[in-house]
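First comes the structure, then the notes that go with it.
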Amino acid sequence: MTLPVAIAGLGAYLPANVVTNDDLAEVLDTSDEWIRTRTGIRQRHIAAADEATSDLAAAAGKAALADAGLGIEDVSAIIVATTTPDHPVPGTAPLTAAALGSEAAAFDVNAACTGFIYGLRVGGAMAATGDQAVLVIGAETLTRITDPDERSTRVLFGDGAGAAVLVPDDTASLGPFDLGADGSDPSMLWTAAGGTRTPVTPDVLDAGGNYLSMRGGDVYRNAVARMAGAARHVLEEAGLGVDDVDLFVGHQANIRILDAVGTRLSMPKERTHVTVDQHANTSAASIPLALEDARNAGRLTPGATVLLAGFGAGLTWGACLLTWQPTGGGDGASV
Ligand code: COA
């Protein structure tokens with residue numbers, strides 16, 4: 001199933017502060033060599049003290065609207081995919097909408113690192129059945145929930161936001177999609193406390209229960225299997241083979257995960273777009289940031305078939321296809 005929806009514009013926001021592996025090695029028992037060889041990460045952007053997720057989201061959303069040549073008044077819904085909201089209540093999307101000057105429908109999607117693909121599915125369906133643009137933003141400030149003293153997690157994550165403007169377009173198609181989730185073992189990758197199961201108490205804070213923790217090896221194995229599986233499903237549904245894919249934009253968690261997914265799919269390395277070296281893992285922001293980076297690098301040529309695949313906490317996973325083609329308006333492109 002595909003949706004008659006085009007991406008009219010893309011936007012990105014990365015905080016100005018860049019922290020290299022060597023910078024981290026000054027404050028943690030780690031090294032540039034360990035981080036690069038285990039993950040492919042060289043640097044990450046870190047939000048300023050006065051920046052929260054909605055600030056990043058609004059900046060990326062504004063850039064995407066400018067790219068599309070549209071105004072905020074053209075937007076009927078704003079979806080923010082995030083797992084690091086400004087506050088537990090309310091959602092981050094209404095705050096983002098307010099910052100953009102909109103009273104349109106605004107709500108969050110929390111599917112962790114798969115959030116942007118889930119957001120495209122929901123936002124795409126809304127755009128296909130409405131007559132206005134839907135803004136889908138992936139935005140995260142992961143460094144706020146990462147234990148600064150824990151080297152095994154702190155080196156992996158960065159902050160940022162990426163956005164896409166979806167518009168109804170009978171000549172375009174978005175999809176097919178394959179989405180899935182398995183919540184039977186959430187502690188594989190989670191923040192244990194701060195929700196209704198384990199509210200924050202002084203003891204919880206002392207134990208670091210408010211920070212992200214994971215079983216890295218289990219996450220790694222599941223990420224490879226689930227992303228490759230979802231990618232295969234959408235290709236099968238579309239009746240396409242790997243040779244038909246011009247560019248693979250996967251969730252940017254770790255270069256070894258991307259390489260392993262590529263090997264499972266028999267995808268040539270030169271057709272995989274990589275930004276994890278520059279951005280580290282920005283969760284729901286990673287795919288739109290990578291898509292915008294690929295477009296800026298001239299890798300999204302008209303008619304190109306693009307495969308997106310993601311994986312994250314939950315567990316959640318998903319994949320979808322896009323066919324890239326120039327739009328009539330703005331500087332963006334359509335799918
Ligand atoms: N610097 C130096 N050493 C580190 C380190 C760091 N930043 N982080 C962990 N180590 C140490 C560990 O303590 C361990 O030491 P030990 O053998 O003395 O116990 C050693 O490095 C090896 O750790 P290991 O877990 O075997 O490394 P790995 O090759 O599996 O790589 C990850 C670890 C986290 C990079 C890898 O498991 C991974 O990428 N998992 C997926 C994580 C992810 O992407 N999560 C988000 C998904 S959306």
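Starting from 1 in every chain, residues are counted up; chains themselves are A, B, ... following the order of the structure tokens, and ligands are numbered from 1 as listed.
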- How would you write, as number ranges by chain, the set of residues in region 6-176 of chain A that DSSP gives as strand (DSSP E or B)? A: 6-13, 17-20, 43-46, 75-81, 105-109, 133-141, 157, 159-168, 174-176
inquiry  = as a PyMOL selection string, please: every protein or nucleic acid residue near ligand 1 (cut-off 7 Å, counting only C-alpha atoms and all ligand atoms).
reply    = chain A and resi 29-31+34-35+38-39+113+151-153+155+216-217+219-220+223+253-254+283+311-313
Export, as a tab-separated table (two decimals), in the first residue's frame, the selected residues with N, CA and C atoms.
```
chain	number	residue	atom	x	y	z
A	29	ASP	N	36.85	7.44	30.76
A	29	ASP	CA	37.87	6.43	30.46
A	29	ASP	C	37.53	5.78	29.11
A	30	THR	N	37.81	6.52	28.02
A	30	THR	CA	37.53	6.03	26.68
A	30	THR	C	38.57	6.62	25.72
A	31	SER	N	38.46	6.28	24.45
A	31	SER	CA	39.41	6.82	23.47
A	31	SER	C	38.73	6.98	22.12
A	34	TRP	N	38.65	3.58	20.38
A	34	TRP	CA	37.60	2.65	20.81
A	34	TRP	C	36.26	3.05	20.19
A	35	ILE	N	35.94	4.33	20.30
A	35	ILE	CA	34.62	4.78	19.83
A	35	ILE	C	34.52	4.60	18.31
A	38	ARG	N	34.37	0.76	17.32
A	38	ARG	CA	33.16	0.06	17.77
A	38	ARG	C	31.88	0.63	17.14
A	39	THR	N	31.90	1.93	16.81
A	39	THR	CA	30.63	2.58	16.41
A	39	THR	C	30.70	3.38	15.11
A	113	CYS	N	13.75	5.30	18.40
A	113	CYS	CA	14.55	5.62	17.19
A	113	CYS	C	13.80	5.35	15.89
A	151	ARG	N	30.48	5.52	30.38
A	151	ARG	CA	31.12	5.59	29.06
A	151	ARG	C	30.42	4.74	28.01
A	152	SER	N	29.77	3.63	28.45
A	152	SER	CA	29.20	2.71	27.46
A	152	SER	C	27.97	3.30	26.76
A	153	THR	N	27.33	4.32	27.37
A	153	THR	CA	26.20	4.96	26.69
A	153	THR	C	26.52	6.39	26.25
A	155	VAL	N	29.00	7.92	25.00
A	155	VAL	CA	29.72	8.17	23.74
A	155	VAL	C	28.83	7.95	22.51
A	216	GLY	N	23.85	-3.74	25.32
A	216	GLY	CA	24.33	-3.35	23.99
A	216	GLY	C	24.35	-4.47	22.96
A	217	GLY	N	24.83	-5.64	23.38
A	217	GLY	CA	24.93	-6.75	22.43
A	217	GLY	C	23.56	-7.20	21.93
A	219	VAL	N	20.81	-5.39	21.86
A	219	VAL	CA	20.27	-4.33	21.01
A	219	VAL	C	20.88	-4.44	19.60
A	220	TYR	N	22.16	-4.66	19.56
A	220	TYR	CA	22.88	-4.76	18.28
A	220	TYR	C	22.28	-5.87	17.42
A	223	ALA	N	18.74	-5.08	16.30
A	223	ALA	CA	18.71	-3.98	15.33
A	223	ALA	C	19.01	-4.51	13.93
A	253	ALA	N	22.72	4.49	14.14
A	253	ALA	CA	23.11	4.18	15.51
A	253	ALA	C	24.58	3.80	15.59
A	254	ASN	N	25.04	3.07	14.56
A	254	ASN	CA	26.37	2.46	14.64
A	254	ASN	C	26.72	2.00	13.24
A	283	SER	N	18.59	9.16	17.59
A	283	SER	CA	17.29	8.49	17.75
A	283	SER	C	16.31	8.92	16.64
A	311	PHE	N	15.14	1.23	13.79
A	311	PHE	CA	15.01	0.29	14.90
A	311	PHE	C	15.22	1.06	16.19
A	312	GLY	N	14.50	0.70	17.25
A	312	GLY	CA	14.73	1.42	18.50
A	312	GLY	C	14.11	0.73	19.70
A	313	ALA	N	14.15	1.47	20.82
A	313	ALA	CA	13.61	0.96	22.07
A	313	ALA	C	12.14	0.60	21.89
```
Using only C-alpha atoms, which residues sit within 8 Å of region 228-238 of chain A once same-chain residues fewer than 3 positions away are excluded, as a ChimeraX atom specification?
/A:175-179,224-225,241-242,261-262,264-265,307-309,317-321
Which residues of region 243-329 of chain A come within 7 Å of region 135-144 of chain A, and for each one, what is the closest pair of atoms and their distance in Å to one decimal, counting only C-alpha atoms, sorted by chain and residue number, as a tab-separated table?
```
residue	atom	partner	partner_atom	distance
A:Thr282	CA	A:Glu140	CA	6.3
A:Ser283	CA	A:Glu140	CA	6.7
A:Ala284	CA	A:Gly138	CA	4.8
A:Ala285	CA	A:Gly138	CA	4.2
A:Pro288	CA	A:Gly138	CA	6.8
```
At most 12 Å is the cut-off: for each residue in region 88-189 of chain A with any atom that close to an atom of region 204-212 of chain A, write down the nearest atom pair and the distance in Å rounded to one decimal, counting only C-alpha atoms, chain first then increasing number, as a Markdown table.
```
| residue | atom | partner | partner_atom | distance |
| --- | --- | --- | --- | --- |
| A:Ala112 | CA | A:Leu212 | CA | 11.9 |
| A:Leu142 | CA | A:Leu212 | CA | 8.8 |
| A:Thr143 | CA | A:Leu212 | CA | 9.6 |
| A:Arg144 | CA | A:Tyr211 | CA | 8.5 |
| A:Ile145 | CA | A:Tyr211 | CA | 5.0 |
| A:Thr146 | CA | A:Tyr211 | CA | 5.3 |
| A:Asp147 | CA | A:Tyr211 | CA | 5.6 |
| A:Pro148 | CA | A:Tyr211 | CA | 9.3 |
| A:Asp149 | CA | A:Gly208 | CA | 10.2 |
| A:Glu150 | CA | A:Tyr211 | CA | 9.6 |
| A:Ser152 | CA | A:Leu212 | CA | 10.7 |
| A:Thr153 | CA | A:Leu212 | CA | 7.7 |
| A:Arg154 | CA | A:Leu212 | CA | 9.3 |
| A:Leu156 | CA | A:Leu212 | CA | 11.3 |
| A:Phe157 | CA | A:Leu212 | CA | 10.5 |
| A:Pro186 | CA | A:Leu212 | CA | 11.8 |
| A:Ser187 | CA | A:Leu212 | CA | 9.8 |
| A:Met188 | CA | A:Leu212 | CA | 10.4 |
| A:Leu189 | CA | A:Leu212 | CA | 7.3 |
```
Just N, CA and C atoms for this one: save the residues we selected as a PDB file, in the first residue's frame.
```pdb
ATOM      1  N   ALA A 112      10.554   5.675  19.840  1.00  0.00           N
ATOM      2  CA  ALA A 112      12.017   5.760  20.027  1.00  0.00           C
ATOM      3  C   ALA A 112      12.704   6.038  18.686  1.00  0.00           C
ATOM      4  N   LEU A 142      18.953  13.682  23.467  1.00  0.00           N
ATOM      5  CA  LEU A 142      19.297  12.444  24.178  1.00  0.00           C
ATOM      6  C   LEU A 142      20.380  12.632  25.223  1.00  0.00           C
ATOM      7  N   THR A 143      21.228  13.651  25.018  1.00  0.00           N
ATOM      8  CA  THR A 143      22.328  13.809  25.972  1.00  0.00           C
ATOM      9  C   THR A 143      21.803  14.203  27.354  1.00  0.00           C
ATOM     10  N   ARG A 144      20.531  14.640  27.433  1.00  0.00           N
ATOM     11  CA  ARG A 144      19.948  14.994  28.743  1.00  0.00           C
ATOM     12  C   ARG A 144      19.545  13.756  29.547  1.00  0.00           C
ATOM     13  N   ILE A 145      19.377  12.599  28.859  1.00  0.00           N
ATOM     14  CA  ILE A 145      18.970  11.394  29.600  1.00  0.00           C
ATOM     15  C   ILE A 145      20.092  10.354  29.605  1.00  0.00           C
ATOM     16  N   THR A 146      21.290  10.794  29.234  1.00  0.00           N
ATOM     17  CA  THR A 146      22.451   9.900  29.212  1.00  0.00           C
ATOM     18  C   THR A 146      23.323  10.193  30.429  1.00  0.00           C
ATOM     19  N   ASP A 147      23.693   9.136  31.150  1.00  0.00           N
ATOM     20  CA  ASP A 147      24.519   9.296  32.357  1.00  0.00           C
ATOM     21  C   ASP A 147      25.895   9.840  31.960  1.00  0.00           C
ATOM     22  N   PRO A 148      26.245  11.038  32.440  1.00  0.00           N
ATOM     23  CA  PRO A 148      27.533  11.620  32.021  1.00  0.00           C
ATOM     24  C   PRO A 148      28.739  10.814  32.483  1.00  0.00           C
ATOM     25  N   ASP A 149      28.545   9.935  33.486  1.00  0.00           N
ATOM     26  CA  ASP A 149      29.672   9.137  33.993  1.00  0.00           C
ATOM     27  C   ASP A 149      29.731   7.736  33.386  1.00  0.00           C
ATOM     28  N   GLU A 150      28.793   7.404  32.501  1.00  0.00           N
ATOM     29  CA  GLU A 150      28.711   6.034  31.975  1.00  0.00           C
ATOM     30  C   GLU A 150      29.246   6.002  30.539  1.00  0.00           C
ATOM     31  N   SER A 152      29.775   3.626  28.452  1.00  0.00           N
ATOM     32  CA  SER A 152      29.199   2.714  27.462  1.00  0.00           C
ATOM     33  C   SER A 152      27.972   3.301  26.765  1.00  0.00           C
ATOM     34  N   THR A 153      27.328   4.318  27.368  1.00  0.00           N
ATOM     35  CA  THR A 153      26.196   4.956  26.692  1.00  0.00           C
ATOM     36  C   THR A 153      26.517   6.387  26.249  1.00  0.00           C
ATOM     37  N   ARG A 154      27.263   7.124  27.070  1.00  0.00           N
ATOM     38  CA  ARG A 154      27.444   8.551  26.773  1.00  0.00           C
ATOM     39  C   ARG A 154      28.077   8.789  25.400  1.00  0.00           C
ATOM     40  N   LEU A 156      27.677   7.290  22.702  1.00  0.00           N
ATOM     41  CA  LEU A 156      26.888   6.852  21.537  1.00  0.00           C
ATOM     42  C   LEU A 156      25.926   7.900  21.005  1.00  0.00           C
ATOM     43  N   PHE A 157      25.534   8.872  21.843  1.00  0.00           N
ATOM     44  CA  PHE A 157      24.372   9.693  21.489  1.00  0.00           C
ATOM     45  C   PHE A 157      24.697  11.157  21.230  1.00  0.00           C
ATOM     46  N   PRO A 186      11.305  -4.762  27.616  1.00  0.00           N
ATOM     47  CA  PRO A 186      11.646  -3.357  27.423  1.00  0.00           C
ATOM     48  C   PRO A 186      12.997  -2.958  28.020  1.00  0.00           C
ATOM     49  N   SER A 187      13.476  -3.715  29.025  1.00  0.00           N
ATOM     50  CA  SER A 187      14.722  -3.310  29.687  1.00  0.00           C
ATOM     51  C   SER A 187      15.948  -3.496  28.797  1.00  0.00           C
ATOM     52  N   MET A 188      15.759  -4.098  27.616  1.00  0.00           N
ATOM     53  CA  MET A 188      16.893  -4.219  26.698  1.00  0.00           C
ATOM     54  C   MET A 188      17.450  -2.829  26.368  1.00  0.00           C
ATOM     55  N   LEU A 189      16.539  -1.836  26.316  1.00  0.00           N
ATOM     56  CA  LEU A 189      16.934  -0.460  25.994  1.00  0.00           C
ATOM     57  C   LEU A 189      15.861   0.446  26.563  1.00  0.00           C
TER      58      LEU A 189
END
```
Considering only C-alpha atoms, give me a table of residues in region 176-289 of chain A that are at most 12 Å from region 17-24 of chain A, with the closest atom pair and distance in Å for each, as JSON lines.
```
{"residue": "A:Asp277", "atom": "CA", "partner": "A:Thr20", "partner_atom": "CA", "distance": 10.2}
{"residue": "A:Gln278", "atom": "CA", "partner": "A:Val18", "partner_atom": "CA", "distance": 9.2}
{"residue": "A:His279", "atom": "CA", "partner": "A:Val18", "partner_atom": "CA", "distance": 9.1}
{"residue": "A:Ala280", "atom": "CA", "partner": "A:Thr20", "partner_atom": "CA", "distance": 10.3}
```
For the atom pair CA of His87 (chain A) and CA of Gly160 (chain A), what is the interatomic distance in Å to one decimal place?
->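 Atom-to-atom, CA of His87 (chain A) to CA of Gly160 (chain A), that is 17.2 Å.
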Original post:
Skipping near chain neighbours, those fewer than 4 positions away, what residues fall within 10 Å of Lys269 (chain A) using only C-alpha atoms, listed as JSON, numbers by chain?
Top reply: {"A": [247, 248, 258, 259, 262, 263, 273, 274]}
From a DSSP pass on the backbone, collect the residues of region 7-113 of chain A flagged as helix (DSSP H, G or I) and hand them back as a ChimeraX atom specification.
/A:21-25,32-39,53-68,72-74,92-100,112-113
Restricting to only C-alpha atoms, whichever of A:Glu33, A:Asp67, A:Asp108, A:Asp159 is closest to Ala48 (chain A) is A:Asp159
Write out, as JSON lines, each residue of region 163-229 of chain A that has an atom at most 10 Å from region 68-84 of chain A, together with the closest pair of atoms and their distance in Å to one decimal, counting only C-alpha atoms, rows going by chain and rising number.
```
{"residue": "A:Ala163", "atom": "CA", "partner": "A:Val80", "partner_atom": "CA", "distance": 8.9}
{"residue": "A:Ala164", "atom": "CA", "partner": "A:Ala68", "partner_atom": "CA", "distance": 9.0}
{"residue": "A:Val165", "atom": "CA", "partner": "A:Ala68", "partner_atom": "CA", "distance": 7.0}
{"residue": "A:Leu166", "atom": "CA", "partner": "A:Val75", "partner_atom": "CA", "distance": 9.3}
{"residue": "A:Val167", "atom": "CA", "partner": "A:Val75", "partner_atom": "CA", "distance": 9.2}
```
Dump of N, CA, C and O atoms for the selected residues, as a PDB file, in the first residue's frame:
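Written file, out35.pdb:
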```pdb
ATOM      1  N   ALA A 163      13.263  17.386   9.795  1.00  0.00           N
ATOM      2  CA  ALA A 163      11.818  17.536   9.531  1.00  0.00           C
ATOM      3  C   ALA A 163      11.514  17.355   8.054  1.00  0.00           C
ATOM      4  O   ALA A 163      12.348  17.637   7.187  1.00  0.00           O
ATOM      5  N   ALA A 164      10.287  16.897   7.794  1.00  0.00           N
ATOM      6  CA  ALA A 164       9.792  16.751   6.420  1.00  0.00           C
ATOM      7  C   ALA A 164       8.396  17.346   6.337  1.00  0.00           C
ATOM      8  O   ALA A 164       7.580  17.158   7.248  1.00  0.00           O
ATOM      9  N   VAL A 165       8.113  18.063   5.236  1.00  0.00           N
ATOM     10  CA  VAL A 165       6.773  18.596   4.979  1.00  0.00           C
ATOM     11  C   VAL A 165       6.079  17.647   4.005  1.00  0.00           C
ATOM     12  O   VAL A 165       6.552  17.457   2.877  1.00  0.00           O
ATOM     13  N   LEU A 166       4.990  17.022   4.462  1.00  0.00           N
ATOM     14  CA  LEU A 166       4.239  16.098   3.607  1.00  0.00           C
ATOM     15  C   LEU A 166       3.048  16.833   3.001  1.00  0.00           C
ATOM     16  O   LEU A 166       2.332  17.545   3.720  1.00  0.00           O
ATOM     17  N   VAL A 167       2.842  16.648   1.695  1.00  0.00           N
ATOM     18  CA  VAL A 167       1.683  17.273   1.033  1.00  0.00           C
ATOM     19  C   VAL A 167       0.951  16.236   0.192  1.00  0.00           C
ATOM     20  O   VAL A 167       1.581  15.326  -0.357  1.00  0.00           O
TER      21      VAL A 167
END
```
Shortest interatomic distance to Gly123 (chain A) - which of A:Gly195, A:Gly162, A:Pro268, A:Pro168, counting only C-alpha atoms |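 The shortest atom-to-atom distance to Gly123 (chain A) comes from A:Pro168.
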If you count only C-alpha atoms, the residue of A:Thr196, A:Thr191, A:Gln132, A:Gln325 closest to Ala105 (chain A) turns out to be A:Gln132
Checklist entry - So, counting only C-alpha atoms, which residue among A:Gly194, A:Gly124, A:Gly115, A:Pro202 is closest to Thr316 (chain A)? => result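 Using only C-alpha atoms, the shortest distance to Thr316 (chain A) belongs to A:Gly115.
Pairwise distance (CA of Ala304 (chain A), CA of Trp324 (chain A)) equals 5.1 Å.
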Selection: 6 Å around Leu174 (chain A), only C-alpha atoms, excl. self and same-chain fewer than 2 positions, as a PyMOL selection string: chain A and resi 2-3+5+322+335
For each of A:Asp246, A:Glu51, A:Asp185, A:Glu103, take the minimum atom-to-atom distance to Val306 (chain A), counting only C-alpha atoms, then give the residue where this is smallest.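 Closest to Val306 (chain A) of all the choices is A:Asp246.
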